[in-house]
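**Q** Sending over a structure as structure tokens; questions will come in a sec.
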Amino acid sequence: MSMKAPRGTVDTLPLEAKKWQFVEDQLKDVCGRFHFDEIRTPLFEHTELFQRGVGDSTDIVQKEMYTFEDRGGRSLTLRPEGTASVARAFVENKLFGNPSQPVKLYYFAQMFRYERPQKGRMRQLNQFGVEVLGSADPAVDAEVIDLAMTCYQELGLKSLKLVINSLGDNESRNNHRQALVDHFSPHKEELCNDCQIRLEQNPLRILDCKTDRDHPAMQNAPSILDYLNEESRSYFDKVQNHLTKMGIEYEVDKNLVRGLDYYNHTAFEIMSEADGFGAIATLAGGGRYNGLIEELGGPSTPGIGFGMGMERLLMALDAENKEMSIDNRLDCFVVAVGDEAEKKAVHLLHELRKGGIQADKDYQGRKMKAQFKAADRFKAKYVLILGEDEIKREIVNVKELDTGEQLEVPITQLVETMHEKLLGGIENE
């Protein structure tokens with residue numbers, strides 16, 4: 001029997017995991033500067049959360065969720081997106097009562113969607129996201145977009161395109177909805193089955209259809225921008241003014257919609273324009289979702305956020321040939337020869353690690369030559385040699401592999417000496 005990872009999942013091996021850790025550390029640093037705090041929510045939620053929060057008419061709810069019944073007969077779903085879970089946590093834990101408002105949160109989370117796997121789109125995916133709950137200030141919209149762009153730019157990405165749109169308030173959306181129904185109804189039988197259903201349930205999502213995007217009716221579909229009332233238009237203008245003053249370049253895409261029902265007012269996507277990135281160019285997407293908290297039983301609370309695919313971010317870094325500053329070298333490798341030296345090596349490793357020094361040794365009973373080869377494979381900066389003579393004299397031979405320099409160090413002074421050498425090496429770099 002051949003055991004393989006389930007379709008749409010992938011193993012992240014140690015070297016690749018270091019890249020993930022590097023990127024995650026960079027994103028956390030940006031979030032810290034923007035004064036965002038981390039939140040962690042459960043891997044699965046009650047199915048109703050996503051039906052109410054994300055929307056029954058969305059592809060996620062209708063086609064992509066991993067839903068199961070637990071032994072108590074409750075319907076549970078592996079989270080397909082992050083915003084609904086954060087909104088639920090906000091309501092359940094009464095974060096709306098915090099004296100510091102708005103509440104600014106970020107998360108790293110695994111999501112699950114039953115989709116056709118392809119490059120950069122998996123069934124188990126990793127997402128970085130942020131949510132701001134408790135402010136209807138257009139400056140917050142600009143701040144969230146600024147945070148997303150800063151994350152990409154500080155990782156070195158340059159081939160980026162930001163597109164924005166306004167979905168308007170309820171009045172604007174209702175007027176636009178009717179215009180879409182009037183526009184697409186004569187072409188209903190020409191649309192795909194999904195869009196025929198969307199025409200009844202959520203006609204705005206027809207504009208996001210990949211199957212019918214080349215249909216002639218798409219080209220002259222009514223634009224939401226023509227149906228914005230004065231308040232919605234003023235809000236969108238303020239968001240654009242903030243972005244312009246920040247020096248953030250953007251394009252207005254009148255057909256940009258988001259795939260989830262809770263969005264209103266500002267919507268945005270960030271795409272990669274790097275050569276060879278792939279057909280699916282979107283790196284991140286988000287927008288404002290005033291009304292979601294009330295839908296989940298909380299008080300009237302405006303919100304805005306985005307989700308950023310980690311797999312796609314790493315793909316973009318590869319497409320632009322961006323190197324990551326990953327130190328894959330081992331500080332010290334202990335080479336021990338003889339039974340007494342082996343025993344002493346275990347104690348030395350313990351002391352070195354307690355002293356904050358990265359260290360390892362051979363556990364395969366290899367000869368000295370093979371142990372040195374292992375040190376080379378680990379790219380060790382120093383080899384600490386212990387043999388019968390060293391045990392008798394209570395010293396360790398310390399060899400720097402880059403220069404070949406070697407010196408004898410009393411065992412009692414080893415940790416202190418290695419601290420000086422390693423810190424000195426960092427300072428010289």
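For the structure tokens, the naming scheme is as follows: chains receive sequential letters (A, B, ...) according to their order of presentation, residues are indexed from 1 within each chain, and ligands are indexed from 1 in presentation order.
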Sort by chain and increasing residue number a table of all residues of stretch 319-408 of chain A within 8 Å of stretch 414-420 of chain A, each with its closest pair of atoms and their distance in Å to one decimal, counting only C-alpha atoms, and write it as a Markdown table.
**A**
```
| residue | atom | partner | partner_atom | distance |
| --- | --- | --- | --- | --- |
| A:Glu351 | CA | A:Val415 | CA | 7.2 |
| A:Leu352 | CA | A:Val415 | CA | 5.7 |
| A:Gly355 | CA | A:Val415 | CA | 6.6 |
| A:Ile357 | CA | A:His419 | CA | 7.5 |
| A:Val396 | CA | A:Leu414 | CA | 7.6 |
```
**Q** Let's see if you can do this: from backbone DSSP, list all strand (DSSP E) residues in stretch 77-174 of chain A, as an mmCIF file with N, CA and C atoms, in the first residue's frame.
**A**
```cif
data_model
loop_
_atom_site.group_PDB
_atom_site.id
_atom_site.type_symbol
_atom_site.label_atom_id
_atom_site.label_comp_id
_atom_site.auth_asym_id
_atom_site.auth_seq_id
_atom_site.Cartn_x
_atom_site.Cartn_y
_atom_site.Cartn_z
ATOM 1 N N THR A 77 -17.526 22.560 10.641
ATOM 2 C CA THR A 77 -16.834 22.803 9.372
ATOM 3 C C THR A 77 -15.414 23.264 9.627
ATOM 4 N N LEU A 78 -14.463 22.654 8.907
ATOM 5 C CA LEU A 78 -13.089 23.156 8.944
ATOM 6 C C LEU A 78 -13.100 24.545 8.326
ATOM 7 N N VAL A 103 -10.332 47.441 17.608
ATOM 8 C CA VAL A 103 -9.541 46.249 17.905
ATOM 9 C C VAL A 103 -8.836 45.837 16.614
ATOM 10 N N LYS A 104 -7.504 45.775 16.671
ATOM 11 C CA LYS A 104 -6.702 45.506 15.471
ATOM 12 C C LYS A 104 -5.989 44.166 15.655
ATOM 13 N N LEU A 105 -6.327 43.206 14.798
ATOM 14 C CA LEU A 105 -5.880 41.828 14.975
ATOM 15 C C LEU A 105 -5.230 41.281 13.707
ATOM 16 N N TYR A 106 -4.291 40.333 13.898
ATOM 17 C CA TYR A 106 -3.751 39.584 12.756
ATOM 18 C C TYR A 106 -3.703 38.112 13.121
ATOM 19 N N TYR A 107 -3.611 37.263 12.106
ATOM 20 C CA TYR A 107 -3.576 35.823 12.356
ATOM 21 C C TYR A 107 -2.803 35.104 11.253
ATOM 22 N N PHE A 108 -2.245 33.962 11.614
ATOM 23 C CA PHE A 108 -1.727 32.975 10.668
ATOM 24 C C PHE A 108 -2.577 31.730 10.878
ATOM 25 N N ALA A 109 -3.204 31.222 9.843
ATOM 26 C CA ALA A 109 -4.134 30.109 10.038
ATOM 27 C C ALA A 109 -4.190 29.221 8.802
ATOM 28 N N GLN A 110 -4.434 27.942 9.045
ATOM 29 C CA GLN A 110 -4.678 27.011 7.955
ATOM 30 C C GLN A 110 -6.159 27.018 7.618
ATOM 31 N N MET A 111 -6.458 27.059 6.324
ATOM 32 C CA MET A 111 -7.824 27.049 5.823
ATOM 33 C C MET A 111 -8.029 25.793 4.975
ATOM 34 N N PHE A 112 -9.282 25.422 4.780
ATOM 35 C CA PHE A 112 -9.595 24.201 4.051
ATOM 36 C C PHE A 112 -10.714 24.470 3.060
ATOM 37 N N GLN A 124 -5.696 22.376 1.479
ATOM 38 C CA GLN A 124 -5.275 22.884 2.790
ATOM 39 C C GLN A 124 -4.306 24.013 2.504
ATOM 40 N N LEU A 125 -4.704 25.229 2.807
ATOM 41 C CA LEU A 125 -3.898 26.393 2.480
ATOM 42 C C LEU A 125 -3.574 27.183 3.739
ATOM 43 N N ASN A 126 -2.558 27.994 3.641
ATOM 44 C CA ASN A 126 -2.120 28.811 4.773
ATOM 45 C C ASN A 126 -2.368 30.276 4.449
ATOM 46 N N GLN A 127 -2.912 30.975 5.403
ATOM 47 C CA GLN A 127 -3.298 32.362 5.162
ATOM 48 C C GLN A 127 -2.828 33.268 6.304
ATOM 49 N N PHE A 128 -2.341 34.418 5.911
ATOM 50 C CA PHE A 128 -2.079 35.507 6.849
ATOM 51 C C PHE A 128 -3.173 36.532 6.627
ATOM 52 N N GLY A 129 -3.761 37.022 7.712
ATOM 53 C CA GLY A 129 -4.835 37.985 7.558
ATOM 54 C C GLY A 129 -4.856 38.996 8.679
ATOM 55 N N VAL A 130 -5.504 40.114 8.437
ATOM 56 C CA VAL A 130 -5.697 41.132 9.472
ATOM 57 C C VAL A 130 -7.158 41.564 9.467
ATOM 58 N N GLU A 131 -7.633 41.968 10.635
ATOM 59 C CA GLU A 131 -8.994 42.478 10.780
ATOM 60 C C GLU A 131 -8.953 43.682 11.723
ATOM 61 N N VAL A 132 -9.682 44.729 11.367
ATOM 62 C CA VAL A 132 -9.848 45.893 12.239
ATOM 63 C C VAL A 132 -11.340 46.042 12.505
ATOM 64 N N LEU A 133 -11.715 45.964 13.777
ATOM 65 C CA LEU A 133 -13.125 45.995 14.163
ATOM 66 C C LEU A 133 -13.385 47.171 15.100
ATOM 67 N N LEU A 160 3.964 44.584 -8.344
ATOM 68 C CA LEU A 160 2.677 44.536 -7.651
ATOM 69 C C LEU A 160 1.669 45.466 -8.313
ATOM 70 N N LYS A 161 0.423 45.077 -8.252
ATOM 71 C CA LYS A 161 -0.660 45.920 -8.763
ATOM 72 C C LYS A 161 -1.794 45.913 -7.750
ATOM 73 N N LEU A 162 -2.175 47.092 -7.289
ATOM 74 C CA LEU A 162 -3.282 47.252 -6.348
ATOM 75 C C LEU A 162 -4.502 47.765 -7.108
ATOM 76 N N VAL A 163 -5.612 47.041 -6.993
ATOM 77 C CA VAL A 163 -6.870 47.497 -7.592
ATOM 78 C C VAL A 163 -7.897 47.649 -6.482
ATOM 79 N N ILE A 164 -8.721 48.695 -6.587
ATOM 80 C CA ILE A 164 -9.729 48.962 -5.558
ATOM 81 C C ILE A 164 -11.066 49.259 -6.217
ATOM 82 N N ASN A 165 -12.102 49.123 -5.436
ATOM 83 C CA ASN A 165 -13.446 49.452 -5.895
ATOM 84 C C ASN A 165 -14.292 49.764 -4.665
ATOM 85 N N SER A 166 -15.465 50.305 -4.884
ATOM 86 C CA SER A 166 -16.433 50.484 -3.803
ATOM 87 C C SER A 166 -17.650 49.635 -4.111
#
```
**Q** From the set A:Tyr152, A:Gln118, A:Ile395, A:Glu231, which residue has the shortest atom-to-atom contact distance to A:Asn170, counting only C-alpha atoms?
**A**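 Answer, going by the shortest atom-to-atom distance: A:Glu231.
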**Q** Go through A:Arg116, A:Arg288, A:Val257, A:Leu401 one by one, measure the shortest atom-to-atom distance of each to A:Pro302 using only C-alpha atoms, and give the residue with the smallest value.
**A**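 Nearest candidate to A:Pro302 out of A:Arg116, A:Arg288, A:Val257, A:Leu401: A:Arg288.
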**Q** Name the residues of stretch 17-195 of chain A that come out as helix (DSSP H, G or I) in a backbone DSSP run; write them as a ChimeraX atom specification.
**A** /A:17-33,47-53,59-64,83-92,95-97,138-154,170-190,193-195
**Q** May I have the residues within 12 Å of A:Gln219 as an MDAnalysis selection string, using only C-alpha atoms and disregarding those fewer than 4 positions away in the same chain?
**A** chainID A and resid 183:184 207 212:215 223 254:255
**Q** Find the distance between atom CA of A:Ala148 and atom CA of A:Tyr66 and write it in Å to one decimal.
**A**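 Going from atom CA of A:Ala148 over to atom CA of A:Tyr66 covers 28.4 Å.
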**Q** Taking only C-alpha atoms into account, which of A:Glu189, A:Glu115, A:Asp402, A:Met315 comes nearest A:Ile60?
**A**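 Of A:Glu189, A:Glu115, A:Asp402, A:Met315, the one nearest A:Ile60 is A:Glu115, counting only C-alpha atoms.
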**Q** Do a neighbour search on A:Tyr250 at 12 Å with only C-alpha atoms, toss out local chain neighbours closer than 3 positions, and write the hits as number ranges by chain.
**A** A: 142, 145-146, 149, 160-165, 239-247, 253, 268-271
**Q** Just the number, please: distance in Å from atom CA of A:Gln201 to atom CA of A:Gly307, one decimal.
**A** 24.7 Å
**Q** List the neighbours of A:Met122 out to 7 Å using only C-alpha atoms; skip same-chain residues closer than 5 positions along the sequence, and give me the result as a PyMOL selection string.
**A** chain A and resi 8-9+117
**Q** Suppose we keep N, CA and C atoms; can you now write the selection as a PDB file, in the first residue's frame?
**A**
```pdb
ATOM      1  N   GLY A   8      -4.241  17.805  -2.823  1.00  0.00           N
ATOM      2  CA  GLY A   8      -4.460  19.188  -2.420  1.00  0.00           C
ATOM      3  C   GLY A   8      -3.747  19.571  -1.142  1.00  0.00           C
ATOM      4  N   THR A   9      -2.880  18.665  -0.633  1.00  0.00           N
ATOM      5  CA  THR A   9      -2.070  18.978   0.542  1.00  0.00           C
ATOM      6  C   THR A   9      -0.608  18.746   0.205  1.00  0.00           C
ATOM      7  N   PRO A 117      -7.092  21.275  -7.097  1.00  0.00           N
ATOM      8  CA  PRO A 117      -5.736  21.742  -6.761  1.00  0.00           C
ATOM      9  C   PRO A 117      -4.980  22.200  -8.003  1.00  0.00           C
TER      10      PRO A 117
END
```
**Q** Check the smallest atom-to-atom distance from each of A:Ile293, A:Met310, A:Val54, A:Ala179 to A:Phe96 using only C-alpha atoms, then report the winner.
**A** A:Ile293
**Q** Give me, as a compact mmCIF listing (two decimals) with all heavy atoms, in the first residue's frame, all polymer residues having an atom no more than 9 Å from A:Ala319, counting only C-alpha atoms and skipping those fewer than 3 positions away in the same chain.
**A**
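Okay, out16.txt is ready:
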```txt
# COMPACT_ATOMS: atom_id res chain seq x y z
N ALA A 274 4.61 39.75 -11.98
CA ALA A 274 5.92 39.18 -12.29
C ALA A 274 5.80 38.16 -13.42
O ALA A 274 4.83 37.41 -13.50
CB ALA A 274 6.52 38.52 -11.05
N ASP A 275 6.79 38.15 -14.31
CA ASP A 275 6.81 37.17 -15.40
C ASP A 275 6.88 35.76 -14.83
O ASP A 275 7.65 35.48 -13.91
CB ASP A 275 8.02 37.41 -16.31
CG ASP A 275 7.93 38.71 -17.08
OD1 ASP A 275 6.79 39.19 -17.26
OD2 ASP A 275 8.98 39.25 -17.48
N GLY A 276 6.06 34.88 -15.39
CA GLY A 276 6.10 33.49 -14.98
C GLY A 276 5.41 33.19 -13.68
O GLY A 276 5.52 32.07 -13.17
N PHE A 277 4.66 34.16 -13.14
CA PHE A 277 4.01 33.91 -11.86
C PHE A 277 2.86 32.91 -12.01
O PHE A 277 2.61 32.11 -11.12
CB PHE A 277 3.49 35.21 -11.25
CG PHE A 277 2.79 35.01 -9.93
CD1 PHE A 277 3.50 34.66 -8.80
CD2 PHE A 277 1.41 35.15 -9.82
CE1 PHE A 277 2.85 34.45 -7.58
CE2 PHE A 277 0.75 34.96 -8.61
CZ PHE A 277 1.49 34.61 -7.49
N LEU A 314 5.01 33.09 -1.30
CA LEU A 314 6.29 32.43 -1.55
C LEU A 314 6.52 32.23 -3.05
O LEU A 314 7.64 32.34 -3.54
CB LEU A 314 6.35 31.10 -0.81
CG LEU A 314 6.49 31.24 0.71
CD1 LEU A 314 6.09 29.96 1.42
CD2 LEU A 314 7.92 31.62 1.09
N MET A 315 5.44 31.95 -3.79
CA MET A 315 5.55 31.85 -5.25
C MET A 315 5.99 33.18 -5.86
O MET A 315 6.82 33.22 -6.78
CB MET A 315 4.21 31.44 -5.85
CG MET A 315 3.88 29.97 -5.72
SD MET A 315 2.18 29.64 -6.30
CE MET A 315 2.25 30.33 -7.97
N ALA A 316 5.44 34.28 -5.35
CA ALA A 316 5.80 35.60 -5.87
C ALA A 316 7.26 35.91 -5.59
O ALA A 316 7.96 36.50 -6.43
CB ALA A 316 4.90 36.66 -5.26
N LYS A 322 13.72 36.59 -5.33
CA LYS A 322 14.11 37.25 -4.08
C LYS A 322 14.76 36.24 -3.13
O LYS A 322 14.20 35.19 -2.85
CB LYS A 322 12.89 37.89 -3.40
CG LYS A 322 12.27 39.01 -4.22
CD LYS A 322 13.27 40.13 -4.48
CE LYS A 322 12.67 41.21 -5.36
NZ LYS A 322 13.66 42.25 -5.69
```
**Q** Report as an MDAnalysis selection string all protein, DNA and RNA residues lying within 12 Å of A:Asp182, evaluated on only C-alpha atoms, omitting residues in the same chain fewer than 4 positions from it.
**A** chainID A and resid 175:178 186:188 199:200 203 217 221:222
